[in-house]
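Below: one structure, written as structure tokens.
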Amino acid sequence: MEHGESETAGQIIILNGAPRSGKSSIVEAIQAGFDGVWVNLGVDAYVRHITPARYRPGIGLRPGGERPDLEPLVPRFYAALYASIAAHSHLGLNVVAEFGHHDAYSRPLGILAACARQLAGLPTLFVGVRCPLDVVMQRRLAEGPERQGVYVAVEAGAPIPPPVVAWQDHVHRPGIYDLEVDTSTKSPQAWSEEIKLALERGIPRPSAFERLAAGGG
């Protein structure tokens, strides 16, 4: 065992869903309510605080091939971030991370399967975070224009922006998960408790990431 490495790998929870589906709120509930150290290594922190401004949104690129010039960097960004997730787990630190995985770039990049292979042998729970489109729109409108960002602006009574629809269409493909939640039906705290129960029951074998790594979907 290397110096400082824990004999027991830290648990990894990967949350996958569209923007405003409620992933970040579940992350906060897990960090606040679970025992032990839970490090957040998800897309929000990586894009806002780590990725240089001129390369944003980086791993947050929307479905539709909007920035082919950035796409060569996206698999490398994901690989680096998942390598960090693996490193934390190897050192006995628990990780919770939220993403919007999709493969709707200008050409398929196969990022999710590659990320799954990076976590081979590590305890990983893959959670699909779903939310109906009308609730997603309510949340976007409630934020106000100052928080909606430069990429998608929404207005009451206006048609749903195509990028919002595209996220709903693509983020859950192929839809292989260990657990699925719907944040329109329960609070983030309640879903965090469901996730805790799933961990206590044990992840069925093969896990979702094991199937994805093997080419599932």
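Lettering and numbering for the structure tokens are positional, with chains as A, B, ... in the shown order, residues counted from 1 in each chain, and ligands counted from 1 in the shown order.
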
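Close contacts of segment 133-136 of chain A, defined as residues with an atom at most 6 Å away when counting only C-alpha atoms, with chain neighbours fewer than 2 positions off set aside, comprise A:Arg20, A:Gln138, A:Arg139.
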
Store the residues picked out above in a file with N, CA, C and O atoms, as a PDB file, in the first residue's frame.
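What landed in selection.pdb:
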```pdb
ATOM      1  N   ARG A  20     -30.839  21.795 -13.622  1.00  0.00           N
ATOM      2  CA  ARG A  20     -32.013  22.127 -12.807  1.00  0.00           C
ATOM      3  C   ARG A  20     -32.845  20.905 -12.451  1.00  0.00           C
ATOM      4  O   ARG A  20     -33.979  21.044 -11.993  1.00  0.00           O
ATOM      5  N   GLN A 138     -40.078  25.628 -14.331  1.00  0.00           N
ATOM      6  CA  GLN A 138     -40.452  26.422 -13.159  1.00  0.00           C
ATOM      7  C   GLN A 138     -39.215  26.836 -12.377  1.00  0.00           C
ATOM      8  O   GLN A 138     -39.109  27.978 -11.914  1.00  0.00           O
ATOM      9  N   ARG A 139     -38.274  25.928 -12.226  1.00  0.00           N
ATOM     10  CA  ARG A 139     -37.051  26.233 -11.480  1.00  0.00           C
ATOM     11  C   ARG A 139     -36.207  27.265 -12.219  1.00  0.00           C
ATOM     12  O   ARG A 139     -35.630  28.170 -11.598  1.00  0.00           O
TER      13      ARG A 139
END
```

Quick one: residues within 12 Å of Arg54 of chain A, only C-alpha atoms counted, chain neighbours fewer than 5 positions away excluded, as a PyMOL selection string? chain A and resi 47-48+69-70

How would the residues just picked look written out with N, CA and C atoms as a short mmCIF file (atom, residue, chain, number, x, y, z; two decimals), in the first residue's frame?
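Result file is selection-v4.cif:
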```cif
data_model
loop_
_atom_site.label_atom_id
_atom_site.label_comp_id
_atom_site.auth_asym_id
_atom_site.auth_seq_id
_atom_site.Cartn_x
_atom_site.Cartn_y
_atom_site.Cartn_z
N VAL A 47 -16.36 23.31 -13.78
CA VAL A 47 -16.52 24.34 -14.81
C VAL A 47 -16.31 25.73 -14.24
N ARG A 48 -16.89 26.00 -13.07
CA ARG A 48 -16.87 27.37 -12.53
C ARG A 48 -15.52 27.76 -11.94
N ASP A 69 -15.13 23.07 -31.65
CA ASP A 69 -13.74 23.46 -31.37
C ASP A 69 -13.29 23.06 -29.98
N LEU A 70 -14.25 22.94 -29.04
CA LEU A 70 -13.90 22.54 -27.68
C LEU A 70 -13.95 21.02 -27.47
#
```

DSSP on the backbone, alpha helix (DSSP H) only: what residues of segment 77-129 of chain A does that give? Format it as a PyMOL selection string. chain A and resi 77-90+111-118

Deliver the residues from the most recent selection as a file, using C-alpha atoms, as a compact mmCIF listing (two decimals), in the first residue's frame.
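The resulting part-v2.txt:
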```
# COMPACT_ATOMS: atom_id res chain seq x y z
CA PHE A 77 -11.25 17.03 -19.04
CA TYR A 78 -13.54 14.15 -18.10
CA ALA A 79 -10.63 11.71 -17.91
CA ALA A 80 -8.71 14.04 -15.60
CA LEU A 81 -11.71 14.63 -13.35
CA TYR A 82 -12.59 10.93 -13.11
CA ALA A 83 -8.93 10.14 -12.38
CA SER A 84 -9.24 12.54 -9.45
CA ILE A 85 -12.44 10.82 -8.32
CA ALA A 86 -10.62 7.49 -8.40
CA ALA A 87 -7.64 8.93 -6.52
CA HIS A 88 -9.87 10.25 -3.74
CA SER A 89 -11.57 6.87 -3.41
CA HIS A 90 -8.24 5.01 -3.31
CA ILE A 111 -17.21 9.53 -22.70
CA LEU A 112 -19.49 7.81 -20.19
CA ALA A 113 -18.16 4.32 -20.92
CA ALA A 114 -14.59 5.61 -20.75
CA CYS A 115 -15.30 7.26 -17.38
CA ALA A 116 -16.87 4.05 -16.08
CA ARG A 117 -13.72 2.13 -16.99
CA GLN A 118 -11.64 4.59 -14.95
```

What's around segment 167-184 of chain A at 10 Å? Count only C-alpha atoms, leave out sequence neighbours fewer than 4 positions away in its own chain, and write the answer as a VMD selection string. chain A and resid 14 to 23 25 to 26 62 to 64 99 to 104 112 124 to 136 162 to 163 188 190 to 192 194 to 195 198 203 to 209 211 to 212 216 to 217

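Across A:Met137, A:Ala213, A:Ala120, A:Ala142, the tightest approach to Val165 of chain A is made by A:Met137 when counting only C-alpha atoms.
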
Residues of segment 78-176 of chain A in strand (DSSP E or B), written as an MDAnalysis selection string: chainID A and resid 94:99 124:130

I need the residues from that last selection saved to file as a JSON list (two decimals), in the first residue's frame (with all heavy atoms), if you can.
```json
[["chain", "number", "residue", "atom", "x", "y", "z"],
["A", 94, "ASN", "N", -14.71, 9.53, 0.47],
["A", 94, "ASN", "CA", -15.95, 9.36, -0.28],
["A", 94, "ASN", "C", -16.14, 10.52, -1.25],
["A", 94, "ASN", "O", -15.79, 11.67, -0.94],
["A", 94, "ASN", "CB", -17.14, 9.30, 0.67],
["A", 94, "ASN", "CG", -17.00, 8.22, 1.71],
["A", 94, "ASN", "OD1", -16.72, 7.07, 1.39],
["A", 94, "ASN", "ND2", -17.18, 8.58, 2.98],
["A", 95, "VAL", "N", -16.72, 10.24, -2.41],
["A", 95, "VAL", "CA", -16.92, 11.25, -3.44],
["A", 95, "VAL", "C", -18.37, 11.24, -3.89],
["A", 95, "VAL", "O", -18.94, 10.17, -4.15],
["A", 95, "VAL", "CB", -16.01, 11.00, -4.66],
["A", 95, "VAL", "CG1", -16.30, 12.03, -5.76],
["A", 95, "VAL", "CG2", -14.54, 11.06, -4.26],
["A", 96, "VAL", "N", -18.97, 12.42, -3.98],
["A", 96, "VAL", "CA", -20.26, 12.57, -4.64],
["A", 96, "VAL", "C", -20.06, 13.59, -5.75],
["A", 96, "VAL", "O", -19.45, 14.64, -5.54],
["A", 96, "VAL", "CB", -21.37, 13.01, -3.65],
["A", 96, "VAL", "CG1", -21.03, 14.30, -2.93],
["A", 96, "VAL", "CG2", -22.71, 13.12, -4.38],
["A", 97, "ALA", "N", -20.52, 13.26, -6.95],
["A", 97, "ALA", "CA", -20.27, 14.13, -8.10],
["A", 97, "ALA", "C", -21.49, 14.15, -9.00],
["A", 97, "ALA", "O", -22.10, 13.10, -9.25],
["A", 97, "ALA", "CB", -19.04, 13.64, -8.88],
["A", 98, "GLU", "N", -21.86, 15.35, -9.47],
["A", 98, "GLU", "CA", -23.03, 15.47, -10.35],
["A", 98, "GLU", "C", -22.58, 15.88, -11.75],
["A", 98, "GLU", "O", -21.70, 16.73, -11.91],
["A", 98, "GLU", "CB", -24.03, 16.48, -9.77],
["A", 98, "GLU", "CG", -23.44, 17.64, -8.99],
["A", 98, "GLU", "CD", -22.84, 18.71, -9.86],
["A", 98, "GLU", "OE1", -23.37, 18.96, -10.94],
["A", 98, "GLU", "OE2", -21.82, 19.31, -9.45],
["A", 99, "PHE", "N", -23.19, 15.22, -12.73],
["A", 99, "PHE", "CA", -22.85, 15.46, -14.13],
["A", 99, "PHE", "C", -24.11, 15.49, -14.99],
["A", 99, "PHE", "O", -25.18, 15.06, -14.57],
["A", 99, "PHE", "CB", -21.92, 14.35, -14.66],
["A", 99, "PHE", "CG", -20.58, 14.30, -14.00],
["A", 99, "PHE", "CD1", -20.31, 13.34, -13.04],
["A", 99, "PHE", "CD2", -19.59, 15.22, -14.32],
["A", 99, "PHE", "CE1", -19.07, 13.29, -12.42],
["A", 99, "PHE", "CE2", -18.35, 15.18, -13.70],
["A", 99, "PHE", "CZ", -18.09, 14.21, -12.75],
["A", 124, "THR", "N", -19.02, 2.14, -6.77],
["A", 124, "THR", "CA", -19.65, 3.28, -7.44],
["A", 124, "THR", "C", -21.14, 3.05, -7.59],
["A", 124, "THR", "O", -21.58, 2.03, -8.13],
["A", 124, "THR", "CB", -19.04, 3.50, -8.84],
["A", 124, "THR", "OG1", -17.62, 3.67, -8.71],
["A", 124, "THR", "CG2", -19.63, 4.73, -9.50],
["A", 125, "LEU", "N", -21.93, 4.00, -7.11],
["A", 125, "LEU", "CA", -23.38, 3.98, -7.28],
["A", 125, "LEU", "C", -23.73, 5.04, -8.32],
["A", 125, "LEU", "O", -23.42, 6.22, -8.15],
["A", 125, "LEU", "CB", -24.09, 4.29, -5.96],
["A", 125, "LEU", "CG", -25.62, 4.22, -6.00],
["A", 125, "LEU", "CD1", -26.08, 2.77, -5.98],
["A", 125, "LEU", "CD2", -26.23, 4.97, -4.80],
["A", 126, "PHE", "N", -24.37, 4.62, -9.42],
["A", 126, "PHE", "CA", -24.73, 5.54, -10.50],
["A", 126, "PHE", "C", -26.22, 5.83, -10.40],
["A", 126, "PHE", "O", -27.05, 4.93, -10.51],
["A", 126, "PHE", "CB", -24.39, 4.91, -11.85],
["A", 126, "PHE", "CG", -24.44, 5.86, -13.01],
["A", 126, "PHE", "CD1", -24.08, 7.19, -12.88],
["A", 126, "PHE", "CD2", -24.83, 5.41, -14.27],
["A", 126, "PHE", "CE1", -24.11, 8.06, -13.96],
["A", 126, "PHE", "CE2", -24.86, 6.26, -15.37],
["A", 126, "PHE", "CZ", -24.50, 7.59, -15.21],
["A", 127, "VAL", "N", -26.55, 7.11, -10.17],
["A", 127, "VAL", "CA", -27.92, 7.52, -9.89],
["A", 127, "VAL", "C", -28.43, 8.42, -11.02],
["A", 127, "VAL", "O", -27.82, 9.45, -11.33],
["A", 127, "VAL", "CB", -28.01, 8.28, -8.55],
["A", 127, "VAL", "CG1", -29.46, 8.68, -8.26],
["A", 127, "VAL", "CG2", -27.45, 7.43, -7.41],
["A", 128, "GLY", "N", -29.55, 8.04, -11.62],
["A", 128, "GLY", "CA", -30.20, 8.89, -12.61],
["A", 128, "GLY", "C", -31.15, 9.85, -11.91],
["A", 128, "GLY", "O", -32.06, 9.42, -11.18],
["A", 129, "VAL", "N", -30.91, 11.15, -12.10],
["A", 129, "VAL", "CA", -31.74, 12.18, -11.46],
["A", 129, "VAL", "C", -32.69, 12.74, -12.52],
["A", 129, "VAL", "O", -32.27, 13.47, -13.42],
["A", 129, "VAL", "CB", -30.87, 13.29, -10.86],
["A", 129, "VAL", "CG1", -31.76, 14.33, -10.16],
["A", 129, "VAL", "CG2", -29.86, 12.71, -9.87],
["A", 130, "ARG", "N", -33.94, 12.39, -12.39],
["A", 130, "ARG", "CA", -34.94, 12.82, -13.36],
["A", 130, "ARG", "C", -35.82, 13.92, -12.77],
["A", 130, "ARG", "O", -35.96, 14.06, -11.55],
["A", 130, "ARG", "CB", -35.81, 11.64, -13.79],
["A", 130, "ARG", "CG", -35.02, 10.52, -14.49],
["A", 130, "ARG", "CD", -35.93, 9.41, -14.97],
["A", 130, "ARG", "NE", -35.18, 8.33, -15.62],
["A", 130, "ARG", "CZ", -34.90, 8.29, -16.92],
["A", 130, "ARG", "NH1", -35.30, 9.28, -17.71],
["A", 130, "ARG", "NH2", -34.23, 7.27, -17.43]]
```

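Going from atom CA of Leu197 of chain A over to atom CA of Tyr46 of chain A, you cover 28.3 Å.
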
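Of note, atom CA of Ile59 of chain A and atom CA of Leu199 of chain A are spaced 27.4 Å apart.
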